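Asker: Compact mmCIF, C-alpha atoms, file protein07.txt:
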```
# COMPACT_ATOMS: atom_id res chain seq x y z
CA MET A 12 0.00 0.00 0.00
CA THR A 13 1.29 3.45 -0.85
CA SER A 14 1.71 6.08 1.86
CA THR A 15 -1.15 8.03 0.28
CA GLY A 16 -3.36 4.94 0.34
CA ALA A 17 -2.50 4.23 3.97
CA ALA A 18 -3.21 7.82 4.93
CA THR A 19 -6.57 7.72 3.15
CA GLU A 20 -7.47 4.44 4.82
CA GLY A 21 -6.39 5.83 8.18
CA HIS A 22 -8.56 8.90 7.64
CA GLU A 23 -11.52 6.68 6.77
CA ALA A 24 -11.01 4.63 9.93
CA VAL A 25 -10.79 7.76 12.10
CA ALA A 26 -14.01 9.07 10.57
CA LEU A 27 -15.65 5.70 11.21
CA LEU A 28 -14.54 5.73 14.85
CA GLU A 29 -15.92 9.25 15.26
CA ARG A 30 -19.27 8.16 13.81
CA THR A 31 -19.29 5.17 16.13
CA ARG A 32 -18.73 7.42 19.13
CA ALA A 33 -21.64 9.60 18.04
CA GLU A 34 -23.90 6.54 17.66
CA VAL A 35 -22.82 4.70 20.82
CA ASP A 36 -22.07 7.44 23.35
CA PRO A 37 -25.68 8.44 24.14
CA GLU A 38 -26.64 4.88 25.12
CA LEU A 39 -23.30 4.31 26.85
CA ARG A 40 -23.81 7.41 28.97
CA ALA A 41 -27.39 6.42 29.72
CA ALA A 42 -26.23 2.98 30.83
CA VAL A 43 -23.55 4.42 33.11
CA GLU A 44 -26.09 6.84 34.60
CA SER A 45 -28.12 3.81 35.74
CA LEU A 46 -25.32 2.76 38.12
CA PRO A 47 -25.43 3.65 41.84
CA ALA A 48 -24.10 7.15 42.50
CA SER A 49 -20.79 6.17 44.12
CA ILE A 50 -19.94 3.76 41.31
CA ARG A 51 -21.26 6.11 38.66
CA GLY A 52 -18.80 8.80 39.76
CA VAL A 53 -15.80 6.52 39.28
CA ALA A 54 -17.10 5.33 35.91
CA ARG A 55 -17.75 8.85 34.65
CA TYR A 56 -14.23 9.89 35.67
CA HIS A 57 -12.69 6.82 34.05
CA PHE A 58 -14.47 7.50 30.76
CA GLY A 59 -13.16 11.08 30.82
CA TRP A 60 -16.57 12.68 31.19
CA ALA A 61 -16.06 14.14 34.66
CA ARG A 62 -13.45 15.45 37.06
CA PRO A 63 -12.84 13.67 40.37
CA ASP A 64 -15.40 15.92 42.08
CA GLY A 65 -18.06 14.90 39.55
CA THR A 66 -18.21 18.16 37.62
CA PRO A 67 -18.15 17.85 33.81
CA ASP A 68 -14.70 17.70 32.24
CA PRO A 69 -14.57 19.82 29.07
CA GLY A 70 -11.48 17.89 27.91
CA GLY A 71 -13.21 14.54 28.19
CA THR A 72 -13.79 14.13 24.46
CA GLU A 73 -10.06 14.14 23.80
CA ARG A 74 -9.48 11.55 26.54
CA ALA A 75 -12.22 9.17 25.47
CA GLY A 76 -11.15 5.79 24.14
CA LYS A 77 -11.01 5.16 20.42
CA ALA A 78 -14.20 3.00 20.41
CA ILE A 79 -12.50 0.31 18.33
CA ARG A 80 -14.54 -2.54 19.78
CA PRO A 81 -17.94 -0.86 19.37
CA ALA A 82 -16.92 0.10 15.84
CA LEU A 83 -16.16 -3.56 15.08
CA VAL A 84 -19.62 -4.58 16.29
CA LEU A 85 -21.36 -2.07 14.03
CA ALA A 86 -19.07 -2.71 11.07
CA ALA A 87 -19.53 -6.48 11.33
CA ALA A 88 -23.30 -6.09 11.36
CA ARG A 89 -23.16 -3.75 8.35
CA SER A 90 -20.86 -6.07 6.38
CA LEU A 91 -23.46 -8.85 6.61
CA GLY A 92 -26.35 -6.67 5.56
CA GLY A 93 -27.65 -5.97 9.03
CA ASP A 94 -28.89 -2.68 10.44
CA PRO A 95 -26.07 -1.30 12.60
CA ARG A 96 -28.62 0.69 14.62
CA ALA A 97 -29.95 -2.61 15.94
CA ALA A 98 -26.46 -3.49 17.16
CA VAL A 99 -25.83 -0.38 19.25
CA ARG A 100 -26.65 -2.18 22.50
CA PRO A 101 -24.04 -4.93 22.03
CA ALA A 102 -21.62 -2.20 20.94
CA VAL A 103 -22.20 -0.50 24.29
CA ALA A 104 -21.84 -3.83 26.07
CA VAL A 105 -18.40 -4.55 24.62
CA GLU A 106 -17.23 -1.03 25.46
CA LEU A 107 -18.34 -1.53 29.06
CA ALA A 108 -16.61 -4.91 29.20
CA HIS A 109 -13.45 -3.41 27.74
CA ASN A 110 -13.40 -0.65 30.32
CA PHE A 111 -13.97 -3.18 33.08
CA THR A 112 -10.66 -4.71 32.01
CA LEU A 113 -8.93 -1.32 31.92
CA LEU A 114 -9.99 -0.43 35.45
CA HIS A 115 -8.74 -3.78 36.72
CA ASP A 116 -5.56 -3.72 34.63
CA ASP A 117 -4.59 -0.34 36.05
CA VAL A 118 -4.92 -1.72 39.57
CA ILE A 119 -3.05 -4.94 38.77
CA ASP A 120 -0.22 -3.13 36.98
CA GLU A 121 -0.25 -0.20 39.42
CA ASP A 122 -0.34 2.17 36.46
CA PRO A 123 -0.55 5.78 37.64
CA VAL A 124 -1.67 7.29 34.33
CA ARG A 125 -4.23 6.48 31.63
CA ARG A 126 -5.18 8.81 28.78
CA HIS A 127 -2.92 11.54 30.14
CA ARG A 128 -4.41 11.82 33.62
CA PRO A 129 -4.33 9.87 36.92
CA THR A 130 -5.92 6.43 36.81
CA ALA A 131 -9.16 5.88 38.68
CA TRP A 132 -7.60 3.76 41.42
CA THR A 133 -5.08 6.50 42.27
CA VAL A 134 -7.95 8.99 42.61
CA PHE A 135 -10.72 6.94 44.25
CA GLY A 136 -8.77 4.05 45.75
CA THR A 137 -8.27 0.43 44.77
CA VAL A 138 -11.54 -0.86 46.20
CA ASP A 139 -13.75 1.65 44.41
CA ALA A 140 -11.91 1.14 41.10
CA ILE A 141 -12.27 -2.65 41.26
CA LEU A 142 -15.92 -2.54 42.28
CA SER A 143 -16.72 -0.01 39.58
CA GLY A 144 -15.14 -2.30 37.02
CA ASP A 145 -17.19 -5.22 38.34
CA ALA A 146 -20.37 -3.13 38.06
CA MET A 147 -19.51 -2.17 34.46
CA LEU A 148 -19.17 -5.83 33.51
CA ALA A 149 -22.47 -6.75 35.17
CA LEU A 150 -24.09 -3.80 33.39
CA ALA A 151 -22.76 -5.05 30.04
CA VAL A 152 -24.30 -8.48 30.57
CA ARG A 153 -27.58 -6.95 31.77
CA LEU A 154 -27.85 -4.77 28.67
CA LEU A 155 -27.70 -7.84 26.45
CA ALA A 156 -29.92 -9.97 28.68
CA GLU A 157 -32.66 -7.33 28.66
CA ASP A 158 -32.42 -6.65 24.92
CA PRO A 159 -35.53 -7.87 23.04
CA HIS A 160 -33.41 -8.61 19.94
CA PRO A 161 -33.52 -12.32 18.92
CA ALA A 162 -29.73 -12.58 19.19
CA SER A 163 -29.52 -11.27 22.74
CA ALA A 164 -29.30 -14.68 24.46
CA ALA A 165 -26.56 -15.91 22.16
CA GLY A 166 -24.81 -12.56 22.50
CA SER A 167 -24.91 -12.68 26.31
CA ALA A 168 -23.44 -16.17 26.33
CA ARG A 169 -20.69 -15.22 23.91
CA LEU A 170 -19.70 -12.12 25.87
CA ALA A 171 -19.64 -14.06 29.14
CA SER A 172 -17.46 -16.80 27.64
CA CYS A 173 -15.16 -14.15 26.20
CA VAL A 174 -14.69 -12.46 29.59
CA ILE A 175 -13.84 -15.80 31.24
CA GLU A 176 -11.19 -16.38 28.56
CA LEU A 177 -9.96 -12.82 28.92
CA CYS A 178 -9.53 -13.26 32.69
CA ALA A 179 -7.54 -16.44 32.10
CA GLY A 180 -5.29 -14.50 29.73
CA GLN A 181 -4.78 -11.75 32.29
CA GLN A 182 -3.97 -14.33 34.95
CA ALA A 183 -1.37 -15.92 32.66
CA ASP A 184 0.14 -12.51 31.92
CA CYS A 185 0.55 -11.82 35.64
CA ALA A 186 1.95 -15.31 36.28
CA PHE A 187 4.61 -14.75 33.61
CA GLU A 188 6.02 -11.85 35.63
CA ALA A 189 6.98 -14.18 38.48
CA ARG A 190 8.71 -16.69 36.21
CA ASP A 191 12.34 -16.54 35.15
CA PRO A 192 12.84 -15.01 31.69
CA SER A 193 14.07 -18.35 30.37
CA GLU A 194 10.88 -20.17 31.43
CA VAL A 195 8.24 -18.39 29.29
CA SER A 196 7.86 -19.79 25.77
CA LEU A 197 6.74 -17.80 22.75
CA ASP A 198 3.81 -20.19 22.21
CA GLU A 199 2.60 -19.50 25.75
CA CYS A 200 2.93 -15.78 25.21
CA VAL A 201 0.96 -15.89 21.95
CA ALA A 202 -1.80 -17.92 23.62
CA MET A 203 -1.92 -15.41 26.48
CA ALA A 204 -2.18 -12.44 24.13
CA THR A 205 -4.87 -14.12 22.05
CA ALA A 206 -6.97 -14.64 25.17
CA LYS A 207 -6.24 -11.27 26.75
CA THR A 208 -6.74 -9.10 23.66
CA GLY A 209 -7.94 -11.18 20.72
CA ALA A 210 -10.92 -12.70 22.52
CA LEU A 211 -12.78 -9.41 23.01
CA LEU A 212 -12.11 -8.16 19.49
CA GLY A 213 -13.32 -11.54 18.22
CA ALA A 214 -16.44 -11.37 20.37
CA SER A 215 -17.13 -7.84 19.13
CA CYS A 216 -17.12 -9.02 15.51
CA ALA A 217 -19.18 -12.10 16.34
CA LEU A 218 -21.78 -10.03 18.20
CA GLY A 219 -22.17 -7.79 15.17
CA ALA A 220 -22.64 -10.88 13.01
CA LEU A 221 -25.23 -12.38 15.36
CA TYR A 222 -27.19 -9.12 15.45
CA ALA A 223 -27.20 -9.15 11.64
CA GLY A 224 -28.85 -12.57 11.69
CA ALA A 225 -25.73 -14.57 10.80
CA GLY A 226 -25.55 -18.30 11.35
CA PRO A 227 -23.00 -20.10 13.56
CA GLU A 228 -20.40 -20.53 10.80
CA GLN A 229 -20.40 -16.86 9.84
CA ALA A 230 -20.25 -15.82 13.50
CA GLU A 231 -17.28 -18.11 14.11
CA ALA A 232 -15.48 -16.79 11.05
CA MET A 233 -16.06 -13.23 12.27
CA ASP A 234 -14.75 -14.22 15.69
CA ALA A 235 -11.64 -15.71 14.10
CA PHE A 236 -11.11 -12.51 12.09
CA GLY A 237 -11.29 -10.42 15.25
CA ARG A 238 -8.93 -12.71 17.14
CA GLU A 239 -6.26 -12.57 14.46
CA ALA A 240 -6.64 -8.80 14.12
CA GLY A 241 -6.57 -8.60 17.92
CA LEU A 242 -3.28 -10.42 18.10
CA ALA A 243 -1.86 -8.04 15.48
CA PHE A 244 -3.20 -5.19 17.62
CA GLN A 245 -1.46 -6.60 20.71
CA LEU A 246 1.83 -7.01 18.86
CA ILE A 247 1.77 -3.35 17.86
CA ASP A 248 0.67 -2.36 21.36
CA ASP A 249 3.63 -4.26 22.80
CA LEU A 250 5.99 -2.41 20.47
CA ILE A 251 4.46 0.87 21.59
CA GLY A 252 4.91 -0.24 25.21
CA ILE A 253 8.66 -0.28 24.56
CA TRP A 254 9.25 2.42 21.96
CA GLY A 255 6.10 4.58 22.11
CA ASP A 256 6.23 8.35 22.49
CA PRO A 257 5.18 9.24 26.08
CA GLY A 258 3.69 12.48 24.81
CA ARG A 259 1.24 10.47 22.74
CA THR A 260 0.78 7.33 24.84
CA GLY A 261 0.40 9.10 28.18
CA LYS A 262 2.76 6.55 29.77
CA PRO A 263 6.51 6.65 30.48
CA ALA A 264 8.82 5.33 27.76
CA GLY A 265 9.71 1.69 28.27
CA ALA A 266 7.07 1.25 30.98
CA ASP A 267 6.54 -2.41 30.04
CA LEU A 268 10.25 -3.11 30.35
CA ALA A 269 10.53 -1.38 33.70
CA ALA A 270 7.63 -3.56 34.91
CA HIS A 271 9.41 -6.69 33.59
CA LYS A 272 6.47 -7.43 31.29
CA LYS A 273 7.10 -10.52 29.21
CA SER A 274 5.43 -9.04 26.16
CA LEU A 275 5.57 -10.63 22.73
CA PRO A 276 8.65 -8.76 21.40
CA VAL A 277 10.48 -9.42 24.67
CA VAL A 278 9.75 -13.15 24.69
CA ALA A 279 10.66 -13.41 21.00
CA ALA A 280 13.95 -11.70 21.79
CA LEU A 281 14.59 -13.96 24.80
CA ALA A 282 13.96 -17.04 22.64
CA SER A 283 16.38 -15.93 19.92
CA GLY A 284 19.45 -17.61 21.39
CA THR A 285 21.54 -14.54 20.61
CA PRO A 286 24.02 -12.79 22.92
CA ALA A 287 21.53 -9.93 23.17
CA ALA A 288 18.97 -12.42 24.52
CA GLY A 289 21.34 -13.27 27.35
CA GLU A 290 21.84 -9.58 28.13
CA LEU A 291 18.08 -9.05 28.19
CA ALA A 292 17.51 -12.03 30.49
CA GLU A 293 20.03 -10.66 32.98
CA LEU A 294 18.40 -7.22 32.91
CA TYR A 295 15.02 -8.83 33.54
CA ARG A 296 16.32 -10.55 36.68
CA ARG A 297 16.80 -7.29 38.59
CA PRO A 298 15.12 -3.91 39.04
CA MET A 299 15.67 -1.53 36.14
CA ASP A 300 16.40 2.17 36.30
CA ALA A 301 16.09 4.45 33.25
CA GLU A 302 19.49 3.41 31.88
CA ALA A 303 18.69 -0.29 32.29
CA VAL A 304 15.38 0.24 30.50
CA ARG A 305 17.23 1.86 27.61
CA ARG A 306 19.67 -1.06 27.46
CA ALA A 307 16.81 -3.56 27.60
CA ALA A 308 15.04 -1.88 24.67
CA ASP A 309 18.29 -1.98 22.72
CA ALA A 310 18.73 -5.68 23.56
CA VAL A 311 15.19 -6.50 22.39
CA GLU A 312 15.94 -4.83 19.08
CA ARG A 313 19.34 -6.47 18.60
CA ALA A 314 17.87 -9.87 19.45
CA GLY A 315 15.28 -9.46 16.70
CA GLY A 316 12.22 -8.95 18.90
CA ARG A 317 11.15 -5.75 17.20
CA ASP A 318 11.47 -7.13 13.67
CA TRP A 319 9.72 -10.36 14.65
CA ALA A 320 6.76 -8.51 16.17
CA GLN A 321 6.35 -6.28 13.12
CA HIS A 322 6.50 -9.27 10.75
CA GLU A 323 4.15 -11.32 12.92
CA ALA A 324 1.63 -8.47 13.06
CA ALA A 325 1.55 -8.39 9.25
CA GLU A 326 1.19 -12.18 9.12
CA ARG A 327 -1.70 -12.11 11.60
CA MET A 328 -3.46 -9.45 9.57
CA ALA A 329 -3.17 -11.64 6.46
CA ARG A 330 -4.75 -14.50 8.41
CA ALA A 331 -7.47 -12.14 9.62
CA VAL A 332 -8.41 -11.27 6.04
CA GLN A 333 -8.57 -14.97 5.16
CA GLN A 334 -10.98 -15.59 8.03
CA LEU A 335 -13.08 -12.57 7.07
CA SER A 336 -13.47 -13.89 3.54
CA ARG A 337 -15.17 -16.98 5.01
CA ALA A 338 -17.89 -14.79 6.53
CA VAL A 339 -18.05 -12.15 3.78
CA PRO A 340 -16.95 -13.65 0.44
CA ASP A 341 -17.25 -10.26 -1.25
CA LEU A 342 -14.72 -8.30 0.79
CA ALA A 343 -15.93 -5.06 -0.75
CA ALA A 344 -18.85 -5.32 1.67
CA ALA A 345 -16.40 -5.51 4.58
CA GLY A 346 -14.51 -2.31 3.82
CA ASP A 347 -15.16 -0.80 7.23
CA LEU A 348 -13.86 -3.88 9.03
CA LEU A 349 -10.72 -3.91 6.94
CA SER A 350 -10.14 -0.20 7.49
CA LEU A 351 -10.43 -0.65 11.26
CA ALA A 352 -8.10 -3.64 11.27
CA GLU A 353 -5.51 -1.80 9.20
CA PHE A 354 -5.84 1.28 11.40
CA VAL A 355 -5.12 -0.50 14.68
CA THR A 356 -2.12 -2.32 13.26
CA ARG A 357 -0.56 0.74 11.62
CA ARG A 358 -0.81 3.10 14.56
CA SER A 359 2.40 4.41 16.10
CA ARG A 360 1.38 5.30 19.61
```
Mind turning this structure into structure tokens?
Answerer:
Amino acid sequence: MTSTGAATEGHEAVALLERTRAEVDPELRAAVESLPASIRGVARYHFGWARPDGTPDPGGTERAGKAIRPALVLAAARSLGGDPRAAVRPAVAVELAHNFTLLHDDVIDEDPVRRHRPTAWTVFGTVDAILSGDAMLALAVRLLAEDPHPASAAGSARLASCVIELCAGQQADCAFEARDPSEVSLDECVAMATAKTGALLGASCALGALYAGAGPEQAEAMDAFGREAGLAFQLIDDLIGIWGDPGRTGKPAGADLAAHKKSLPVVAALASGTPAAGELAELYRRPMDAEAVRRAADAVERAGGRDWAQHEAAERMARAVQQLSRAVPDLAAAGDLLSLAEFVTRRSR
């Protein structure tokens, strides 16, 4: 793809995400307003809509998430001839489920910043952040369970199964941190990332398919598309976690390395058998200051972790397109899905 073509596609994806926000936000806000007041305040802050004291935050629009998962729901429904307006509720549900994971992840990782401001747990405390995340997940399931749409029961079951898988992936990710660098295999790391990230993107696409009236085979193909695209997304996210611009990510440079995260590029580097892999393993066995983080990033690159992750992301995207063609033989009808997938794997922050 030419740079002009990529830029055009990126612009189309951004416009699609903005339209999704406009379509989904009213119902998302209404759902959050149904929560008990104490929980609602944490949720509104987390979404960027309010300051800690509950007053509206005029900068909240800029801090809102990209709405990638809701956009996948609506785009999947549209690609199969469904009415995306009928799929707004599952789009809201996946956004709530996603933000449940973010609230919990910030606590687990002790991240002080998200979207360029203090994380909810640092403002309201660990207990309130965790419970607010739990309430968001329950709200997501309730939205689907109460939906009169014929696909609501299947959608509820799929989202619940996805969250169970997602939690298992998160548990594996945390368990990796306690293991010696030499003990985590690349296959394990790929499986963890597929569960932690790919599962929810897959469920988003499958929910859109179900709400368009798709049968089991089409829904599974859509799920497989989302999973492969999700793994590509995670690979790029892991690269950003090492080499991202703090001014754009809102997190310190090399934060994943400082936290000894065994992300995909790191594990690929550790498995390379190169001298740089040995250097990286030694760095991962002790606390890292800023200089050690810089050396670790250099070791990942010299051991081939960066190149491997970039190549693997492209490979996963190719697989994603193959899976999509099973659900939508005429890929011209799936232009929005392809634009979104390309967008999330070409981002640089």
Asker: Closest to Asp249 of chain A among A:Gly284, A:Pro81, A:Pro298, A:Gly316, using only C-alpha atoms?
Answerer: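 For Asp249 of chain A, the nearest of the candidates is A:Gly316.
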Asker: Report, in Å with one decimal, the straight-line distance from atom CA of Arg327 of chain A to atom CA of Ala162 of chain A.
Answerer: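 These atoms are spaced 29.0 Å apart.
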Asker: For Phe111 of chain A, which residue among A:Val53, A:Ala156, A:Trp60, A:Leu85 is the nearest when counting only C-alpha atoms?
Answerer: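 Closest residue, counting only C-alpha atoms: A:Val53.
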Asker: Calculated over all atoms listed in the file, which of the candidates A:Phe354, A:Arg337, A:Ser163, A:Lys262 has the smallest distance to Ala235 of chain A?
Answerer: A:Arg337
Asker: To one decimal in Å, tell me the separation between atom CA of Ala292 of chain A and atom CA of Val277 of chain A.
Answerer: 9.5 Å
Asker: Which is closest to Ser196 of chain A among A:Val278, A:Leu221, A:Leu142, A:Met147, if we use only C-alpha atoms?
Answerer: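 Between A:Val278, A:Leu221, A:Leu142, A:Met147, the residue approaching Ser196 of chain A most closely is A:Val278.
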Asker: Could you check which of A:Ile141, A:Ala325, A:Ala86, A:Ala288 is closest to Ala102 of chain A, using only C-alpha atoms?
Answerer: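 For Ala102 of chain A, the nearest of the given residues is A:Ala86.
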Asker: Atom CA of Leu39 of chain A and atom CA of Val103 of chain A are how many Å apart?
Answerer: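 Atom-to-atom, atom CA of Leu39 of chain A to atom CA of Val103 of chain A, that is 5.6 Å.
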Asker: List the neighbours of segment 172-180 of chain A out to 8 Å using only C-alpha atoms; skip same-chain residues closer than 6 positions along the sequence, and give me the result as number ranges by chain.
Answerer: A: 108, 202-208, 210-211, 214
Asker: May I have the residues at most 8 Å from (-14.3, -6.8, 11.1) in the file's coordinates, counting all atoms listed in the file, as a list of chain:residue names?
Answerer: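 Neighbouring residues, ordered by chain and number, come to A:Leu83, A:Val84, A:Ala86, A:Ala87, A:Cys216, A:Met233, A:Phe236, A:Gly237, A:Leu335, A:Ala345, A:Asp347, A:Leu348, A:Leu349, A:Leu351, A:Ala352.
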Asker: Please save C-alpha atoms of the selected residues as a compact mmCIF listing (two decimals), in the frame of the given file.
Answerer:
```txt
# COMPACT_ATOMS: atom_id res chain seq x y z
CA LEU A 83 -16.16 -3.56 15.08
CA VAL A 84 -19.62 -4.58 16.29
CA ALA A 86 -19.07 -2.71 11.07
CA ALA A 87 -19.53 -6.48 11.33
CA CYS A 216 -17.12 -9.02 15.51
CA MET A 233 -16.06 -13.23 12.27
CA PHE A 236 -11.11 -12.51 12.09
CA GLY A 237 -11.29 -10.42 15.25
CA LEU A 335 -13.08 -12.57 7.07
CA ALA A 345 -16.40 -5.51 4.58
CA ASP A 347 -15.16 -0.80 7.23
CA LEU A 348 -13.86 -3.88 9.03
CA LEU A 349 -10.72 -3.91 6.94
CA LEU A 351 -10.43 -0.65 11.26
CA ALA A 352 -8.10 -3.64 11.27
```
Asker: Skip Arg100 of chain A itself and residues of its chain fewer than 5 positions away, then list as a list of chain:residue names all residues within 9 Å of it, counting all atoms listed in the file.
Answerer: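 Those residues are A:Val35, A:Glu38, A:Leu39, A:Val105, A:Ala151, A:Leu154, A:Leu155, A:Asp158.
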Asker: For a quick check of understanding, using all atoms listed in the file, which of A:Arg62, A:Lys77, A:Arg317, A:Cys200 has the smallest distance to Ala26 of chain A?
Answerer: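 Selected residue with least distance to Ala26 of chain A: A:Lys77.
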Asker: Give the padded box for segment 213-231 of chain A as AutoDock Vina command-line options: axis-aligned, covering all atoms listed in the file, 4 Å on each side, centre and edge lengths in Å to one decimal.
Answerer:
```
--center_x -21.1 --center_y -14.2 --center_z 15.1 --size_x 23.5 --size_y 20.7 --size_z 18.5
```
Asker: Find the residues around Ser283 of chain A up to 12 Å (all atoms listed in the file counted), leave out those fewer than 6 positions away in its own chain, and share them as a tab-separated table (two decimals) with C-alpha atoms, in the frame of the given file.
Answerer:
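Contents of the output file part-v6.tsv:
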```tsv
chain	number	residue	atom	x	y	z
A	193	SER	CA	14.07	-18.35	30.37
A	196	SER	CA	7.86	-19.79	25.77
A	197	LEU	CA	6.74	-17.80	22.75
A	276	PRO	CA	8.65	-8.76	21.40
A	277	VAL	CA	10.48	-9.42	24.67
A	289	GLY	CA	21.34	-13.27	27.35
A	290	GLU	CA	21.84	-9.58	28.13
A	291	LEU	CA	18.08	-9.05	28.19
A	292	ALA	CA	17.51	-12.03	30.49
A	310	ALA	CA	18.73	-5.68	23.56
A	311	VAL	CA	15.19	-6.50	22.39
A	312	GLU	CA	15.94	-4.83	19.08
A	313	ARG	CA	19.34	-6.47	18.60
A	314	ALA	CA	17.87	-9.87	19.45
A	315	GLY	CA	15.28	-9.46	16.70
A	316	GLY	CA	12.22	-8.95	18.90
A	317	ARG	CA	11.15	-5.75	17.20
A	318	ASP	CA	11.47	-7.13	13.67
A	319	TRP	CA	9.72	-10.36	14.65
```
Asker: Please write as a list in words the list of polymer residues whose atoms come within 8 Å of (-24.3, -8.1, 11.2), counting all atoms listed in the file and keeping to the coordinates of the file.
Answerer: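 Residues lying no farther than 8 Å from the given point: Val84, Leu85, Ala86, Ala87, Ala88, Arg89, Ser90, Leu91, Gly92, Gly93, Asp94, Pro95, Ala98, Leu218, Gly219, Ala220, Leu221, Tyr222, Ala223, Gly224 and Ala225 of chain A.
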Asker: Please produce segment 350-356 of chain A, completed to all heavy atoms, as a PDB file, in the frame of the given file.
Answerer:
```
ATOM      1  N   SER A 350     -10.729  -1.497   7.133  1.00  0.00           N
ATOM      2  CA  SER A 350     -10.140  -0.200   7.490  1.00  0.00           C
ATOM      3  C   SER A 350      -9.793  -0.147   8.971  1.00  0.00           C
ATOM      4  O   SER A 350      -8.727   0.351   9.359  1.00  0.00           O
ATOM      5  CB  SER A 350     -11.108   0.937   7.143  1.00  0.00           C
ATOM      6  OG  SER A 350     -11.247   1.082   5.748  1.00  0.00           O
ATOM      7  N   LEU A 351     -10.691  -0.654   9.815  1.00  0.00           N
ATOM      8  CA  LEU A 351     -10.430  -0.650  11.260  1.00  0.00           C
ATOM      9  C   LEU A 351      -9.244  -1.540  11.597  1.00  0.00           C
ATOM     10  O   LEU A 351      -8.382  -1.171  12.403  1.00  0.00           O
ATOM     11  CB  LEU A 351     -11.677  -1.136  12.007  1.00  0.00           C
ATOM     12  CG  LEU A 351     -12.856  -0.169  12.045  1.00  0.00           C
ATOM     13  CD1 LEU A 351     -14.103  -0.879  12.558  1.00  0.00           C
ATOM     14  CD2 LEU A 351     -12.536   1.043  12.919  1.00  0.00           C
ATOM     15  N   ALA A 352      -9.198  -2.723  10.985  1.00  0.00           N
ATOM     16  CA  ALA A 352      -8.100  -3.640  11.270  1.00  0.00           C
ATOM     17  C   ALA A 352      -6.763  -3.051  10.842  1.00  0.00           C
ATOM     18  O   ALA A 352      -5.756  -3.143  11.555  1.00  0.00           O
ATOM     19  CB  ALA A 352      -8.345  -4.977  10.574  1.00  0.00           C
ATOM     20  N   GLU A 353      -6.744  -2.433   9.668  1.00  0.00           N
ATOM     21  CA  GLU A 353      -5.510  -1.800   9.200  1.00  0.00           C
ATOM     22  C   GLU A 353      -5.114  -0.627  10.111  1.00  0.00           C
ATOM     23  O   GLU A 353      -3.950  -0.421  10.419  1.00  0.00           O
ATOM     24  CB  GLU A 353      -5.681  -1.323   7.761  1.00  0.00           C
ATOM     25  CG  GLU A 353      -5.691  -2.425   6.725  1.00  0.00           C
ATOM     26  CD  GLU A 353      -4.336  -3.096   6.563  1.00  0.00           C
ATOM     27  OE1 GLU A 353      -3.314  -2.441   6.849  1.00  0.00           O
ATOM     28  OE2 GLU A 353      -4.311  -4.274   6.170  1.00  0.00           O
ATOM     29  N   PHE A 354      -6.102   0.113  10.554  1.00  0.00           N
ATOM     30  CA  PHE A 354      -5.840   1.280  11.400  1.00  0.00           C
ATOM     31  C   PHE A 354      -5.148   0.881  12.694  1.00  0.00           C
ATOM     32  O   PHE A 354      -4.160   1.495  13.087  1.00  0.00           O
ATOM     33  CB  PHE A 354      -7.149   2.004  11.686  1.00  0.00           C
ATOM     34  CG  PHE A 354      -7.023   3.131  12.687  1.00  0.00           C
ATOM     35  CD1 PHE A 354      -6.465   4.344  12.307  1.00  0.00           C
ATOM     36  CD2 PHE A 354      -7.453   2.981  13.989  1.00  0.00           C
ATOM     37  CE1 PHE A 354      -6.334   5.382  13.215  1.00  0.00           C
ATOM     38  CE2 PHE A 354      -7.346   4.017  14.910  1.00  0.00           C
ATOM     39  CZ  PHE A 354      -6.780   5.224  14.519  1.00  0.00           C
ATOM     40  N   VAL A 355      -5.667  -0.150  13.369  1.00  0.00           N
ATOM     41  CA  VAL A 355      -5.120  -0.500  14.680  1.00  0.00           C
ATOM     42  C   VAL A 355      -3.750  -1.166  14.571  1.00  0.00           C
ATOM     43  O   VAL A 355      -2.978  -1.176  15.542  1.00  0.00           O
ATOM     44  CB  VAL A 355      -6.070  -1.409  15.482  1.00  0.00           C
ATOM     45  CG1 VAL A 355      -7.382  -0.702  15.733  1.00  0.00           C
ATOM     46  CG2 VAL A 355      -6.298  -2.752  14.805  1.00  0.00           C
ATOM     47  N   THR A 356      -3.427  -1.701  13.398  1.00  0.00           N
ATOM     48  CA  THR A 356      -2.120  -2.320  13.260  1.00  0.00           C
ATOM     49  C   THR A 356      -1.087  -1.407  12.594  1.00  0.00           C
ATOM     50  O   THR A 356       0.073  -1.802  12.427  1.00  0.00           O
ATOM     51  CB  THR A 356      -2.211  -3.641  12.473  1.00  0.00           C
ATOM     52  OG1 THR A 356      -2.848  -3.384  11.204  1.00  0.00           O
ATOM     53  CG2 THR A 356      -3.005  -4.677  13.226  1.00  0.00           C
TER      54      THR A 356
END
```
